[in-house]
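Colleague: The following block contains the structure, expressed as structure tokens.
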Amino acid sequence: MQTLRRVRLSRNGRKRLYQVFLMVFFVLNLLAFTGAYALTHFSAPGHFSVGLPRPSSSKRPIEVGLEYTTQRIAISQTEWLETWLIPVQTSPSQGTVLLFPGNGGSKAKQLLAPAKSFHTLGYDTLLVDFRGVGGSSGNTTTLGAREANDVVVAMQYAQRLKLKRPIVLYGVSMGTGAILKAIAQKEIQPDAVILELPFTRLLDAVRSRLRAVHVPTFPLAELLVFWGSVQHQLNGFTHNPVMYASQVKCPALLLQGERDRWTSLTEINQIVQNLHGFKKLVIFPTAGHDLLVTVDQNLWKQSVKHFLKEI
């Protein structure tokens, strides 16, 4: 009788343990699904949404002394990219720089400051809002995976306009991943790239952000990438700028903050080692994951100026 009771207790214990496991599994996946949605969707002003506020382009180039025209690049009947074309006014153009923002950024928020510096160096600039932000269509981001297609569209647009070569692609954070993927998988051929605050792998980027808020990375990071992949019908686990870099043969300048808590210098060196063309890495000793031209304008401008003379 006692043996039978122990068996029943053991079965009940296993059943409760199984129920707890299912509950934890369900809660973790619910949190990951909601989190992935919130991190990759933007809400329009005045509308309730789980997503982050949609990055806008309220500030205009004219406010920082730059003449510009707004251009809209049609992708389909319902999708487009909004751009600002800022030509050099006082001297012959030295070339064209296409600028792409980071996650949660827009051409107004992240690209005006570097565009002004490129302008003083004699380069025409085309500032691009990825789909989902600023004046472009949509309300989602895929952290550089789908945005690679936007880089291709912008590059083709610059070529149709016959903008002055060399054509240089400049990206901040997420924008660097989109640029590298566009070169590796879409076979575009810019004359050079400038990669500011790049990340190495999407999964590692998610892990670093969880660590920053003292949340265990496993299995939540994997679940976030999994559900984000499902929601956007792509494979986030293969979104890997380190591997993309192995297909880059044009000159490349990497700009990195030494105190960047999202990406270590060891990870940055993985990208550098995989690049096949002329390459240079410049470390900003006092900067974190900040727009570097706003941290040390002199170092940024001198680094970019010397690099552009090499291409």
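Ligands are numbered from 1 in the order shown, residues from 1 within each chain, and chains are lettered A, B, ... in the order they appear in the structure tokens.
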Would you please give, as a ChimeraX atom specification, all residues of segment 53-227 of chain A that DSSP assigns to helix (DSSP H, G or I) based on the backbone?
Modeller: /A:61-64,107-120,147-160,174-186,202-212,220-227
Colleague: Could you turn the residues from that selection into a file that holds C-alpha atoms, as a PDB file, in the first residue's frame?
Modeller:
ATOM      1  CA  PRO A  61      18.892  70.126 -43.745  1.00  0.00           C
ATOM      2  CA  ILE A  62      18.177  73.812 -44.264  1.00  0.00           C
ATOM      3  CA  GLU A  63      18.254  74.197 -40.470  1.00  0.00           C
ATOM      4  CA  VAL A  64      21.956  73.289 -40.495  1.00  0.00           C
ATOM      5  CA  LYS A 107      17.955  60.713 -41.792  1.00  0.00           C
ATOM      6  CA  ALA A 108      17.150  63.740 -39.647  1.00  0.00           C
ATOM      7  CA  LYS A 109      18.100  62.159 -36.330  1.00  0.00           C
ATOM      8  CA  GLN A 110      21.354  60.416 -37.236  1.00  0.00           C
ATOM      9  CA  LEU A 111      22.533  61.508 -40.676  1.00  0.00           C
ATOM     10  CA  LEU A 112      22.487  65.306 -40.773  1.00  0.00           C
ATOM     11  CA  ALA A 113      25.630  65.713 -38.656  1.00  0.00           C
ATOM     12  CA  PRO A 114      27.840  63.387 -40.734  1.00  0.00           C
ATOM     13  CA  ALA A 115      26.268  64.730 -43.962  1.00  0.00           C
ATOM     14  CA  LYS A 116      27.367  68.246 -43.031  1.00  0.00           C
ATOM     15  CA  SER A 117      30.935  67.011 -42.518  1.00  0.00           C
ATOM     16  CA  PHE A 118      30.904  65.163 -45.859  1.00  0.00           C
ATOM     17  CA  HIS A 119      29.585  68.377 -47.410  1.00  0.00           C
ATOM     18  CA  THR A 120      32.563  70.372 -46.111  1.00  0.00           C
ATOM     19  CA  GLU A 147      17.069  46.875 -45.156  1.00  0.00           C
ATOM     20  CA  ALA A 148      19.804  45.459 -47.400  1.00  0.00           C
ATOM     21  CA  ASN A 149      17.213  45.657 -50.192  1.00  0.00           C
ATOM     22  CA  ASP A 150      16.775  49.368 -49.419  1.00  0.00           C
ATOM     23  CA  VAL A 151      20.528  49.879 -49.819  1.00  0.00           C
ATOM     24  CA  VAL A 152      20.310  48.236 -53.246  1.00  0.00           C
ATOM     25  CA  VAL A 153      17.380  50.471 -54.241  1.00  0.00           C
ATOM     26  CA  ALA A 154      19.255  53.603 -53.142  1.00  0.00           C
ATOM     27  CA  MET A 155      22.421  52.520 -54.963  1.00  0.00           C
ATOM     28  CA  GLN A 156      20.511  51.878 -58.180  1.00  0.00           C
ATOM     29  CA  TYR A 157      18.796  55.248 -57.810  1.00  0.00           C
ATOM     30  CA  ALA A 158      22.149  57.031 -57.431  1.00  0.00           C
ATOM     31  CA  GLN A 159      23.386  55.308 -60.579  1.00  0.00           C
ATOM     32  CA  ARG A 160      20.249  56.317 -62.524  1.00  0.00           C
ATOM     33  CA  MET A 174      22.213  48.717 -38.156  1.00  0.00           C
ATOM     34  CA  GLY A 175      22.968  50.565 -41.382  1.00  0.00           C
ATOM     35  CA  THR A 176      26.373  48.866 -41.525  1.00  0.00           C
ATOM     36  CA  GLY A 177      24.752  45.425 -41.427  1.00  0.00           C
ATOM     37  CA  ALA A 178      22.410  46.400 -44.255  1.00  0.00           C
ATOM     38  CA  ILE A 179      25.333  47.679 -46.343  1.00  0.00           C
ATOM     39  CA  LEU A 180      27.459  44.582 -45.787  1.00  0.00           C
ATOM     40  CA  LYS A 181      24.559  42.252 -46.601  1.00  0.00           C
ATOM     41  CA  ALA A 182      23.721  44.215 -49.753  1.00  0.00           C
ATOM     42  CA  ILE A 183      27.304  43.835 -50.970  1.00  0.00           C
ATOM     43  CA  ALA A 184      27.582  40.154 -49.995  1.00  0.00           C
ATOM     44  CA  GLN A 185      24.199  38.895 -51.182  1.00  0.00           C
ATOM     45  CA  LYS A 186      22.890  41.513 -53.630  1.00  0.00           C
ATOM     46  CA  LEU A 202      22.155  39.682 -34.820  1.00  0.00           C
ATOM     47  CA  LEU A 203      22.016  37.042 -32.084  1.00  0.00           C
ATOM     48  CA  ASP A 204      25.089  38.523 -30.374  1.00  0.00           C
ATOM     49  CA  ALA A 205      23.589  42.017 -30.619  1.00  0.00           C
ATOM     50  CA  VAL A 206      20.425  40.800 -28.888  1.00  0.00           C
ATOM     51  CA  ARG A 207      22.479  39.071 -26.196  1.00  0.00           C
ATOM     52  CA  SER A 208      24.511  42.192 -25.450  1.00  0.00           C
ATOM     53  CA  ARG A 209      21.367  44.264 -24.990  1.00  0.00           C
ATOM     54  CA  LEU A 210      19.844  41.720 -22.626  1.00  0.00           C
ATOM     55  CA  ARG A 211      23.048  41.644 -20.586  1.00  0.00           C
ATOM     56  CA  ALA A 212      22.941  45.433 -20.350  1.00  0.00           C
ATOM     57  CA  LEU A 220      15.463  34.562 -24.293  1.00  0.00           C
ATOM     58  CA  ALA A 221      17.880  35.872 -26.946  1.00  0.00           C
ATOM     59  CA  GLU A 222      17.315  32.790 -29.104  1.00  0.00           C
ATOM     60  CA  LEU A 223      13.550  33.073 -28.653  1.00  0.00           C
ATOM     61  CA  LEU A 224      13.543  36.769 -29.562  1.00  0.00           C
ATOM     62  CA  VAL A 225      15.450  36.089 -32.775  1.00  0.00           C
ATOM     63  CA  PHE A 226      13.243  33.072 -33.535  1.00  0.00           C
ATOM     64  CA  TRP A 227       9.942  34.928 -33.125  1.00  0.00           C
TER      65      TRP A 227
END
Colleague: Which polymer residues have any atom within 8 Å of an atom of segment 239-241 of chain A, counting only C-alpha atoms, with same-chain residues fewer than 2 positions away left out, as a list in words?
Modeller: Ala145, Gly177, Leu180, Lys181, Phe199, Thr200, Arg201, Leu202, Asn235, Gly236, Phe237, Met243, Tyr244, Ala245 and Ile271 of chain A
Colleague: Would you save the residues from that selection as a compact mmCIF listing (two decimals), in the first residue's frame, using C-alpha atoms?
Modeller:
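The result, stored in out20.txt:
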# COMPACT_ATOMS: atom_id res chain seq x y z
CA ALA A 145 18.19 42.08 -42.87
CA GLY A 177 24.75 45.43 -41.43
CA LEU A 180 27.46 44.58 -45.79
CA LYS A 181 24.56 42.25 -46.60
CA PHE A 199 27.66 44.88 -35.09
CA THR A 200 28.78 41.34 -35.78
CA ARG A 201 25.81 38.96 -35.52
CA LEU A 202 22.16 39.68 -34.82
CA ASN A 235 16.11 33.83 -40.78
CA GLY A 236 17.59 36.18 -38.20
CA PHE A 237 20.08 33.54 -37.05
CA MET A 243 30.35 36.58 -42.83
CA TYR A 244 29.08 39.33 -45.12
CA ALA A 245 32.40 41.15 -44.68
CA ILE A 271 34.84 42.08 -39.29
Colleague: Can you list, as a VMD selection string, every protein, DNA or RNA residue that comes within 7 Å of Thr141 of chain A when you count only C-alpha atoms, leaving out same-chain residues fewer than 6 positions away?
Modeller: chain A and resid 40 to 41 132
Colleague: Using only C-alpha atoms, which of A:Val215, A:Ala252, A:Arg165, A:Pro53 sits nearest Pro92 of chain A?
Modeller: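 For Pro92 of chain A, the nearest of the given residues is A:Arg165.
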Colleague: Give me, as a PyMOL selection string, the residues of segment 10-144 of chain A that a backbone DSSP run labels strand (DSSP E).
Modeller: chain A and resi 42-43+52-53+69-74+80-86+96-100+124-128
Colleague: Distance atom CA of Val242 of chain A-atom CA of Glu258 of chain A, one decimal place?
Modeller: 18.8 Å
Colleague: Which is closer to Arg60 of chain A than all the others in A:Tyr37, A:Val24, A:Phe100, A:Gly135, using only C-alpha atoms?
Modeller: A:Gly135
Colleague: Tell me which of A:Phe21, A:Trp80, A:Tyr68, A:Phe33 sits closest to Gln231 of chain A, counting only C-alpha atoms.
Modeller: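 Smallest distance to Gln231 of chain A is found for A:Phe33.
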Colleague: Separation of atom CA of Pro101 of chain A and atom CA of Glu196 of chain A, in Å?
Modeller: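 Computing the Euclidean distance for atom CA of Pro101 of chain A and atom CA of Glu196 of chain A yields 10.0 Å.
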Colleague: Each residue of segment 176-250 of chain A with at least one atom at most 12 Å from segment 300-304 of chain A should appear once, together with its nearest atom pair and the corresponding distance in Å (one decimal); atoms considered: only C-alpha atoms; ordering: chain, then increasing residue number; output as JSON lines.
Modeller:
{"residue": "A:Ala192", "atom": "CA", "partner": "A:Val304", "partner_atom": "CA", "distance": 11.4}
{"residue": "A:Val193", "atom": "CA", "partner": "A:Val304", "partner_atom": "CA", "distance": 10.7}
{"residue": "A:Ile194", "atom": "CA", "partner": "A:Val304", "partner_atom": "CA", "distance": 8.2}
{"residue": "A:Leu195", "atom": "CA", "partner": "A:Val304", "partner_atom": "CA", "distance": 10.8}
{"residue": "A:Glu196", "atom": "CA", "partner": "A:Trp300", "partner_atom": "CA", "distance": 10.2}
Colleague: To one decimal place, how far is atom CA of Pro87 of chain A from atom CA of Ser173 of chain A in Å?
Modeller: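 Answer for the atom CA of Pro87 of chain A to atom CA of Ser173 of chain A separation: 24.9 Å.
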